[in-house]
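Trainee: File structure.txt follows (compact mmCIF, C-alpha atoms and all ligand atoms):
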# COMPACT_ATOMS: atom_id res chain seq x y z
CA GLY A 1054 -11.68 -26.55 74.24
CA SER A 1055 -12.63 -28.22 77.46
CA ASN A 1056 -12.36 -31.95 77.61
CA LEU A 1057 -13.77 -33.22 80.86
CA PHE A 1058 -13.41 -36.87 81.93
CA GLU A 1059 -10.53 -37.39 79.52
CA ASN A 1060 -8.95 -39.99 81.78
CA GLU A 1061 -12.02 -42.19 81.69
CA GLU A 1062 -12.36 -45.08 79.32
CA ARG A 1063 -14.19 -44.15 76.14
CA PRO A 1064 -17.57 -45.82 75.67
CA ALA A 1065 -17.02 -48.82 73.39
CA SER A 1066 -20.27 -48.74 71.43
CA LEU A 1067 -23.31 -46.64 70.66
CA ALA A 1068 -25.37 -49.14 72.63
CA ALA A 1069 -23.11 -48.57 75.65
CA ILE A 1070 -23.61 -44.81 75.37
CA GLY A 1071 -27.37 -45.25 75.00
CA LYS A 1072 -27.43 -47.24 78.21
CA ALA A 1073 -25.01 -45.09 80.20
CA ILE A 1074 -26.71 -41.77 79.52
CA GLN A 1075 -29.85 -43.02 81.28
CA GLN A 1076 -27.82 -43.24 84.47
CA CYS A 1077 -25.83 -40.05 83.90
CA ARG A 1078 -26.07 -37.59 86.80
CA ARG A 1079 -22.97 -35.54 86.00
CA CYS A 1080 -24.99 -32.34 85.64
CA GLU A 1081 -28.13 -30.80 87.06
CA ILE A 1082 -30.19 -31.65 83.98
CA GLY A 1083 -29.44 -35.36 84.27
CA CYS A 1084 -30.39 -35.12 87.91
CA ASN A 1085 -33.96 -34.19 87.05
CA GLY A 1086 -34.55 -37.85 86.36
CA THR A 1087 -36.25 -37.59 82.97
CA ARG A 1088 -35.46 -39.83 80.02
CA ALA A 1089 -32.17 -39.25 78.21
CA VAL A 1090 -32.40 -39.27 74.42
CA MET A 1091 -29.75 -41.14 72.43
CA GLY A 1092 -28.77 -40.32 68.86
CA GLU A 1093 -30.32 -42.29 66.02
CA GLY A 1094 -29.23 -43.42 62.60
CA PRO A 1095 -26.65 -45.65 60.94
CA ALA A 1096 -23.73 -46.67 63.17
CA ARG A 1097 -21.38 -45.33 60.47
CA ALA A 1098 -22.65 -42.27 58.63
CA ALA A 1099 -21.08 -39.66 56.37
CA LEU A 1100 -23.23 -36.97 57.99
CA MET A 1101 -23.88 -36.39 61.69
CA ILE A 1102 -26.48 -33.76 62.60
CA VAL A 1103 -26.26 -32.31 66.12
CA GLY A 1104 -29.07 -30.42 67.85
CA GLU A 1105 -29.16 -28.79 71.28
CA GLN A 1106 -31.13 -31.13 73.52
CA PRO A 1107 -34.32 -33.18 73.35
CA GLY A 1108 -37.53 -31.17 73.63
CA ASP A 1109 -40.78 -32.09 75.32
CA VAL A 1110 -41.91 -34.52 72.60
CA GLU A 1111 -38.46 -36.04 72.22
CA GLU A 1112 -38.22 -36.72 75.96
CA GLN A 1113 -41.63 -38.43 75.93
CA GLN A 1114 -40.81 -40.59 72.91
CA GLY A 1115 -37.12 -41.10 73.69
CA ARG A 1116 -36.11 -40.15 70.14
CA PRO A 1117 -34.29 -37.08 68.75
CA PHE A 1118 -36.04 -34.53 66.56
CA VAL A 1119 -39.50 -36.07 66.50
CA GLY A 1120 -41.29 -32.82 67.46
CA PRO A 1121 -41.97 -29.55 65.60
CA ALA A 1122 -38.29 -28.60 65.12
CA GLY A 1123 -37.65 -32.04 63.68
CA ARG A 1124 -40.49 -31.64 61.18
CA LEU A 1125 -39.03 -28.38 59.93
CA LEU A 1126 -35.54 -29.89 59.81
CA ARG A 1127 -36.73 -32.87 57.76
CA ALA A 1128 -38.56 -30.66 55.27
CA HIS A 1129 -35.38 -28.65 54.69
CA LEU A 1130 -33.16 -31.73 54.45
CA GLU A 1131 -35.48 -33.12 51.82
CA ASP A 1132 -35.45 -29.85 49.85
CA ALA A 1133 -31.64 -29.84 49.94
CA GLY A 1134 -31.55 -33.42 48.69
CA ILE A 1135 -29.96 -34.78 51.88
CA ASP A 1136 -30.97 -38.36 52.67
CA GLN A 1137 -32.06 -38.16 56.30
CA GLU A 1138 -32.10 -41.95 56.69
CA ALA A 1139 -28.37 -41.90 55.94
CA ALA A 1140 -27.63 -39.27 58.61
CA TYR A 1141 -26.86 -39.93 62.26
CA VAL A 1142 -28.95 -37.44 64.27
CA THR A 1143 -28.17 -36.55 67.87
CA ASN A 1144 -27.95 -33.75 70.45
CA ALA A 1145 -25.21 -31.91 72.34
CA VAL A 1146 -27.11 -32.47 75.59
CA LYS A 1147 -28.87 -35.75 76.30
CA HIS A 1148 -31.53 -34.66 78.82
CA PHE A 1149 -34.38 -32.15 78.44
CA LYS A 1150 -33.86 -29.00 80.51
CA PHE A 1151 -37.14 -27.30 81.39
CA VAL A 1152 -39.13 -25.44 83.99
CA PRO A 1153 -42.63 -26.65 84.81
CA LYS A 1154 -45.33 -24.10 84.16
CA VAL A 1155 -48.99 -24.20 85.15
CA MET A 1156 -51.02 -22.63 82.36
CA ARG A 1157 -54.15 -20.58 82.72
CA GLY A 1158 -56.94 -23.16 82.81
CA GLY A 1159 -54.82 -25.51 84.92
CA GLY A 1160 -52.91 -27.42 82.22
CA LYS A 1161 -49.22 -28.03 82.77
CA ARG A 1162 -46.40 -27.46 80.33
CA ARG A 1163 -42.67 -27.94 80.39
CA LEU A 1164 -40.89 -24.85 79.10
CA HIS A 1165 -37.54 -25.32 77.37
CA GLN A 1166 -34.47 -23.82 79.04
CA SER A 1167 -31.14 -23.37 77.30
CA PRO A 1168 -28.34 -25.49 78.75
CA THR A 1169 -25.41 -23.64 80.33
CA ALA A 1170 -21.93 -23.81 78.79
CA LYS A 1171 -20.92 -26.02 81.71
CA GLU A 1172 -23.77 -28.46 81.11
CA ILE A 1173 -22.90 -28.67 77.41
CA ASP A 1174 -19.24 -29.27 78.25
CA VAL A 1175 -20.11 -32.07 80.68
CA CYS A 1176 -22.28 -33.75 78.03
CA ARG A 1177 -19.53 -33.49 75.39
CA TRP A 1178 -18.26 -36.73 76.81
CA TRP A 1179 -21.26 -38.49 75.25
CA VAL A 1180 -21.62 -36.65 71.95
CA GLU A 1181 -17.89 -36.88 71.30
CA GLY A 1182 -18.16 -40.57 72.08
CA GLU A 1183 -20.85 -40.85 69.43
CA ARG A 1184 -18.79 -38.92 66.91
CA THR A 1185 -15.72 -41.06 67.53
CA LEU A 1186 -17.74 -44.20 66.81
CA VAL A 1187 -19.85 -42.92 63.89
CA LYS A 1188 -16.84 -41.23 62.23
CA PRO A 1189 -18.80 -38.82 60.05
CA GLN A 1190 -17.03 -37.01 57.26
CA LEU A 1191 -19.15 -33.96 57.98
CA VAL A 1192 -20.89 -32.72 61.12
CA LEU A 1193 -23.74 -30.22 60.90
CA ALA A 1194 -24.26 -28.35 64.18
CA LEU A 1195 -27.63 -26.67 64.60
CA GLY A 1196 -27.26 -23.53 66.71
CA ALA A 1197 -24.82 -22.26 69.32
CA SER A 1198 -25.25 -25.06 71.87
CA ALA A 1199 -24.54 -27.73 69.25
CA ALA A 1200 -21.52 -25.76 68.05
CA ARG A 1201 -20.19 -25.60 71.60
CA GLY A 1202 -20.83 -29.31 72.00
CA MET A 1203 -18.57 -29.96 69.03
CA LEU A 1204 -15.90 -27.33 69.73
CA GLY A 1205 -15.80 -27.03 73.51
CA LYS A 1206 -15.93 -23.27 73.16
CA THR A 1207 -18.53 -20.69 72.23
CA VAL A 1208 -18.62 -19.31 68.69
CA SER A 1209 -20.93 -16.84 66.99
CA VAL A 1210 -23.19 -18.81 64.65
CA GLN A 1211 -23.62 -15.81 62.38
CA LYS A 1212 -19.86 -15.41 62.01
CA VAL A 1213 -18.99 -19.02 61.32
CA ARG A 1214 -21.93 -20.26 59.29
CA GLY A 1215 -20.95 -21.29 55.79
CA VAL A 1216 -17.29 -21.58 56.80
CA PRO A 1217 -16.44 -25.19 57.65
CA GLN A 1218 -14.00 -25.83 60.49
CA ALA A 1219 -11.67 -28.81 60.80
CA LEU A 1220 -12.26 -31.15 63.73
CA ASP A 1221 -9.45 -33.17 65.37
CA ASP A 1222 -9.90 -36.20 63.09
CA GLY A 1223 -9.94 -34.17 59.89
CA SER A 1224 -13.72 -34.19 59.53
CA GLU A 1225 -15.54 -30.93 58.82
CA LEU A 1226 -17.84 -29.05 61.15
CA TRP A 1227 -20.51 -26.88 59.53
CA ILE A 1228 -22.57 -24.62 61.74
CA THR A 1229 -25.98 -23.14 61.01
CA THR A 1230 -28.99 -21.92 62.98
CA HIS A 1231 -31.35 -24.14 64.94
CA PRO A 1232 -34.75 -24.94 63.42
CA SER A 1233 -36.44 -23.99 66.73
CA TYR A 1234 -35.08 -20.49 66.23
CA LEU A 1235 -36.72 -20.38 62.80
CA LEU A 1236 -40.01 -21.52 64.33
CA ARG A 1237 -40.00 -18.56 66.71
CA LEU A 1238 -39.66 -15.95 63.92
CA GLN A 1239 -42.58 -14.39 62.07
CA ASP A 1240 -43.30 -13.47 58.48
CA ASP A 1241 -40.47 -11.73 56.60
CA ALA A 1242 -37.83 -12.44 59.24
CA ARG A 1243 -38.79 -16.11 59.16
CA ALA A 1244 -38.71 -16.25 55.36
CA GLY A 1245 -35.27 -14.61 55.25
CA GLU A 1246 -33.76 -16.85 57.91
CA GLU A 1247 -35.29 -19.98 56.39
CA ALA A 1248 -33.76 -19.07 53.05
CA ARG A 1249 -30.34 -18.77 54.71
CA PHE A 1250 -30.85 -22.08 56.49
CA ALA A 1251 -31.81 -23.70 53.17
CA ALA A 1252 -28.69 -22.26 51.54
CA ASP A 1253 -26.50 -23.67 54.36
CA LEU A 1254 -28.04 -27.11 53.86
CA ARG A 1255 -27.49 -26.94 50.11
CA ALA A 1256 -23.81 -26.15 50.74
CA VAL A 1257 -23.60 -29.20 53.02
CA ALA A 1258 -25.32 -31.35 50.37
CA ALA A 1259 -22.85 -30.17 47.72
CA ARG A 1260 -19.93 -30.96 50.03
CA LEU A 1261 -21.26 -34.46 50.73
CA GLY A 1262 -21.55 -35.02 46.97
N1 LIG B 1301 -34.42 -29.68 69.28
C1 LIG B 1301 -33.19 -30.22 69.40
O1 LIG B 1301 -32.20 -29.54 69.45
N2 LIG B 1301 -33.09 -31.53 69.44
C2 LIG B 1301 -34.12 -32.34 69.38
O2 LIG B 1301 -33.92 -33.54 69.44
C3 LIG B 1301 -35.39 -31.76 69.25
C4 LIG B 1301 -35.52 -30.43 69.21
Kindly transcribe the structure held in the file into structure tokens.
Mentor:
Amino acid sequence: GSNLFENEERPASLAAIGKAIQQCRRCEIGCNGTRAVMGEGPARAALMIVGEQPGDVEEQQGRPFVGPAGRLLRAHLEDAGIDQEAAYVTNAVKHFKFVPKVMRGGGKRRLHQSPTAKEIDVCRWWVEGERTLVKPQLVLALGASAARGMLGKTVSVQKVRGVPQALDDGSELWITTHPSYLLRLQDDARAGEEARFAADLRAVAARLG
């Protein structure tokens, strides 16, 4: 996988990362000047949960997973018996990538855009810094961008879900879908995919013990 900036000194603490990402202009998204969102949770955690990037609500509040996707994620974690307070929650990309859109009636919205592979790879510097410090036993990546953030290469979520992969330090990477994807589905498709998501989280819970 790609490992940009490998000759730079690793950030020494989570606080240092939280500060540095606010100044980060290594990619186009950082250059849009919005607030970067740092991970949250215990400084050492057995479980690290990685999303794609902050959304609209997360950017406004400066906290990961506080919007609709986060609500759905928390409900599923609770059902699976995973203690969310004990998990370190973060994103593969630290800034919100969006296009402004003027709605009918004049209101303005910021529409989510997927980060490019390049943008994810640039931001790996930060999320890998977090992982090195938090030292989770298990990482749960939500969706393809998070998986790339952890692996430095693109994998098919459908092919690798349920099959843990070993990371460089011996910890396990589990990959499942992103809760925002579930939110976009309707009716039967949504029910089926949510059931698979729930099953993935139960497997993670069993592995954590
Ligand atoms: N979606 C994500 O991937 N991360 C967040 O923090 C919020 C929504």
Trainee: Between atom CA of Val1103 of chain A and atom CA of Asn1144 of chain A, what is the distance in Å, rounded to a tenth?
Mentor: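 Calculated distance between atom CA of Val1103 of chain A and atom CA of Asn1144 of chain A is 4.9 Å.
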Trainee: Show me a table, sorted first by chain and then by increasing residue number, of the residues of chain A having an atom at most 8 Å from ligand LIG 1301 (chain B), each with its shortest atom pair and the distance in Å to one decimal, counting all atoms listed in the file and written as a tab-separated table.
Mentor:
residue	atom	partner	partner_atom	distance
A:Val1090	CA	B:LIG1301	O2	7.7
A:Val1103	CA	B:LIG1301	O1	7.4
A:Gly1104	CA	B:LIG1301	O1	3.6
A:Glu1105	CA	B:LIG1301	O1	3.6
A:Gln1106	CA	B:LIG1301	O1	4.5
A:Pro1107	CA	B:LIG1301	O2	3.9
A:Gly1108	CA	B:LIG1301	C3	4.9
A:Val1110	CA	B:LIG1301	C3	7.8
A:Glu1111	CA	B:LIG1301	O2	5.9
A:Arg1116	CA	B:LIG1301	O2	7.0
A:Pro1117	CA	B:LIG1301	O2	3.6
A:Phe1118	CA	B:LIG1301	O2	3.7
A:Val1119	CA	B:LIG1301	C3	6.6
A:Gly1120	CA	B:LIG1301	C3	6.3
A:Pro1121	CA	B:LIG1301	C4	7.4
A:Ala1122	CA	B:LIG1301	C4	5.3
A:Gly1123	CA	B:LIG1301	C3	6.0
A:Thr1143	CA	B:LIG1301	O2	6.7
A:Asn1144	CA	B:LIG1301	N2	5.7
A:Ala1145	CA	B:LIG1301	O1	7.9
A:Leu1195	CA	B:LIG1301	O1	7.3
A:Ala1199	CA	B:LIG1301	O1	7.9
A:His1231	CA	B:LIG1301	O1	7.1
A:Pro1232	CA	B:LIG1301	N1	7.5
A:Ser1233	CA	B:LIG1301	N1	6.6
Trainee: So which one's closest to Leu1057 of chain A, A:Leu1130, A:Val1175, A:Ala1089, A:Val1155? Using only C-alpha atoms, please.
Mentor: A:Val1175
Trainee: Go ahead and compute the interatomic distance for atom CA of Ala1219 of chain A and atom CA of Glu1172 of chain A, in Å to one decimal.
Mentor: 23.6 Å
Trainee: Given the choices A:Asn1060, A:Gln1075, A:Thr1169, A:Thr1185, which gets closest to Thr1207 of chain A if the distance is worked out from all atoms listed in the file?
Mentor: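 Checking each of A:Asn1060, A:Gln1075, A:Thr1169, A:Thr1185 against Thr1207 of chain A, counting all atoms listed in the file, the winner is A:Thr1169.
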Trainee: My list of candidates is A:Ile1070, A:Cys1176, A:Val1257, A:Val1192. Which is closest to Ala1098 of chain A when distances are computed with only C-alpha atoms?
Mentor: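 Looking at the shortest contact to Ala1098 of chain A, the residue is A:Val1192.
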Trainee: Taking (-25.3, -46.8, 60.1) in the coordinates of the supplied file, I want to know which residues reach to within 9 Å of it, counting only C-alpha atoms; could you give the answer as an MDAnalysis selection string?
Mentor: chainID A and resid 1093:1098 1139:1141 1187
Trainee: Grab the residues selected above and save them as a CSV table (one decimal), in the coordinates of the input with C-alpha atoms.
Mentor:
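Here's the written file result-v4.csv:
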chain,number,residue,atom,x,y,z
A,1093,GLU,CA,-30.3,-42.3,66.0
A,1094,GLY,CA,-29.2,-43.4,62.6
A,1095,PRO,CA,-26.6,-45.6,60.9
A,1096,ALA,CA,-23.7,-46.7,63.2
A,1097,ARG,CA,-21.4,-45.3,60.5
A,1098,ALA,CA,-22.6,-42.3,58.6
A,1139,ALA,CA,-28.4,-41.9,55.9
A,1140,ALA,CA,-27.6,-39.3,58.6
A,1141,TYR,CA,-26.9,-39.9,62.3
A,1187,VAL,CA,-19.8,-42.9,63.9
Trainee: With only C-alpha atoms as the atoms that count, which of A:Asp1221, A:Glu1112, A:Asp1132, A:Glu1061 lies nearest to Ala1252 of chain A?
Mentor: A:Asp1132
Trainee: Counting only C-alpha atoms, write as a PyMOL selection string all protein and nucleic acid residues lying at most 7 Å from (-37.2, -29.9, 77.0) in the file's frame.
Mentor: chain A and resi 1107-1109+1112+1149-1151+1163-1166
Trainee: Write to file, as an mmCIF file, in the frame of the given file, the residues of the selection just made, with C-alpha atoms.
Mentor:
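Okay, part-v7.cif is ready:
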data_model
loop_
_atom_site.group_PDB
_atom_site.id
_atom_site.type_symbol
_atom_site.label_atom_id
_atom_site.label_comp_id
_atom_site.auth_asym_id
_atom_site.auth_seq_id
_atom_site.Cartn_x
_atom_site.Cartn_y
_atom_site.Cartn_z
ATOM 1 C CA PRO A 1107 -34.320 -33.180 73.350
ATOM 2 C CA GLY A 1108 -37.530 -31.170 73.630
ATOM 3 C CA ASP A 1109 -40.780 -32.090 75.320
ATOM 4 C CA GLU A 1112 -38.220 -36.720 75.960
ATOM 5 C CA PHE A 1149 -34.380 -32.150 78.440
ATOM 6 C CA LYS A 1150 -33.860 -29.000 80.510
ATOM 7 C CA PHE A 1151 -37.140 -27.300 81.390
ATOM 8 C CA ARG A 1163 -42.670 -27.940 80.390
ATOM 9 C CA LEU A 1164 -40.890 -24.850 79.100
ATOM 10 C CA HIS A 1165 -37.540 -25.320 77.370
ATOM 11 C CA GLN A 1166 -34.470 -23.820 79.040
#
Trainee: Between atom CA of Glu1059 of chain A and atom CA of Val1180 of chain A, what distance in Å does the model show, to one decimal?
Mentor: 13.4 Å
Trainee: When distances are computed from all atoms listed in the file, which of A:Gly1196, A:Gly1092, A:Gly1202, A:Pro1189 shows the smallest separation from Asp1174 of chain A?
Mentor: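 Selected residue with least distance to Asp1174 of chain A: A:Gly1202.
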Trainee: Between A:Pro1217, A:Pro1168, A:Gly1134, A:Pro1153, single out the one closest to Ala1259 of chain A, counting only C-alpha atoms.
Mentor: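 Closest to Ala1259 of chain A of all the choices is A:Gly1134.
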Trainee: Which residues are near Ala1073 of chain A? Cut-off 12 Å, only C-alpha atoms, ignore same chain within fewer than 3 positions. Put them as a list in words.
Mentor: Arg1063, Pro1064, Ala1065, Ser1066, Leu1067, Ala1068, Ala1069, Ile1070, Gln1076, Cys1077, Arg1078, Arg1079, Gly1083, Arg1088, Ala1089, Val1090, Met1091, Lys1147, Cys1176, Trp1178, Trp1179 and Gly1182 of chain A
Trainee: Would you compute, for all listed atoms of segment 1227-1239 of chain A, the axis-aligned bounding box grown by 3 Å on each side, and then report its centre and edge lengths in Å rounded to one decimal, as JSON?
Mentor:
{"center_x": -31.5, "center_y": -20.6, "center_z": 63.1, "size_x": 28.1, "size_y": 18.5, "size_z": 13.2}
Trainee: Please fill the gaps in segment 1084-1101 of chain A so it has N, CA and C atoms, and write that as a JSON list (two decimals), in the coordinates of the input.
Mentor:
[["chain", "number", "residue", "atom", "x", "y", "z"],
["A", 1084, "CYS", "N", -29.85, -34.86, 86.57],
["A", 1084, "CYS", "CA", -30.39, -35.12, 87.91],
["A", 1084, "CYS", "C", -31.90, -34.93, 88.00],
["A", 1085, "ASN", "N", -32.50, -34.37, 86.95],
["A", 1085, "ASN", "CA", -33.96, -34.19, 87.05],
["A", 1085, "ASN", "C", -34.71, -35.50, 86.78],
["A", 1086, "GLY", "N", -33.95, -36.52, 86.40],
["A", 1086, "GLY", "CA", -34.55, -37.85, 86.36],
["A", 1086, "GLY", "C", -35.44, -38.15, 85.17],
["A", 1087, "THR", "N", -35.45, -37.29, 84.15],
["A", 1087, "THR", "CA", -36.25, -37.59, 82.97],
["A", 1087, "THR", "C", -35.47, -38.53, 82.05],
["A", 1088, "ARG", "N", -36.09, -38.90, 80.95],
["A", 1088, "ARG", "CA", -35.46, -39.83, 80.02],
["A", 1088, "ARG", "C", -34.38, -39.14, 79.19],
["A", 1089, "ALA", "N", -33.22, -39.75, 79.10],
["A", 1089, "ALA", "CA", -32.17, -39.25, 78.21],
["A", 1089, "ALA", "C", -32.47, -39.73, 76.80],
["A", 1090, "VAL", "N", -32.11, -38.91, 75.82],
["A", 1090, "VAL", "CA", -32.40, -39.27, 74.42],
["A", 1090, "VAL", "C", -31.08, -39.51, 73.68],
["A", 1091, "MET", "N", -30.94, -40.71, 73.17],
["A", 1091, "MET", "CA", -29.75, -41.14, 72.43],
["A", 1091, "MET", "C", -29.88, -40.72, 70.96],
["A", 1092, "GLY", "N", -28.75, -40.57, 70.29],
["A", 1092, "GLY", "CA", -28.77, -40.32, 68.86],
["A", 1092, "GLY", "C", -29.35, -41.51, 68.11],
["A", 1093, "GLU", "N", -29.69, -41.25, 66.85],
["A", 1093, "GLU", "CA", -30.32, -42.29, 66.02],
["A", 1093, "GLU", "C", -29.76, -42.23, 64.62],
["A", 1094, "GLY", "N", -29.68, -43.38, 63.99],
["A", 1094, "GLY", "CA", -29.23, -43.42, 62.60],
["A", 1094, "GLY", "C", -28.20, -44.52, 62.41],
["A", 1095, "PRO", "N", -27.64, -44.61, 61.21],
["A", 1095, "PRO", "CA", -26.65, -45.65, 60.94],
["A", 1095, "PRO", "C", -25.45, -45.52, 61.87],
["A", 1096, "ALA", "N", -24.87, -46.65, 62.25],
["A", 1096, "ALA", "CA", -23.73, -46.67, 63.17],
["A", 1096, "ALA", "C", -22.48, -46.06, 62.54],
["A", 1097, "ARG", "N", -22.41, -46.08, 61.20],
["A", 1097, "ARG", "CA", -21.38, -45.33, 60.47],
["A", 1097, "ARG", "C", -22.14, -44.47, 59.48],
["A", 1098, "ALA", "N", -21.90, -43.17, 59.51],
["A", 1098, "ALA", "CA", -22.65, -42.27, 58.63],
["A", 1098, "ALA", "C", -21.73, -41.16, 58.15],
["A", 1099, "ALA", "N", -21.90, -40.74, 56.91],
["A", 1099, "ALA", "CA", -21.08, -39.66, 56.37],
["A", 1099, "ALA", "C", -21.47, -38.32, 57.00],
["A", 1100, "LEU", "N", -22.72, -38.22, 57.42],
["A", 1100, "LEU", "CA", -23.23, -36.97, 57.99],
["A", 1100, "LEU", "C", -23.77, -37.21, 59.40],
["A", 1101, "MET", "N", -23.32, -36.38, 60.34],
["A", 1101, "MET", "CA", -23.88, -36.39, 61.69],
["A", 1101, "MET", "C", -24.51, -35.02, 61.92]]
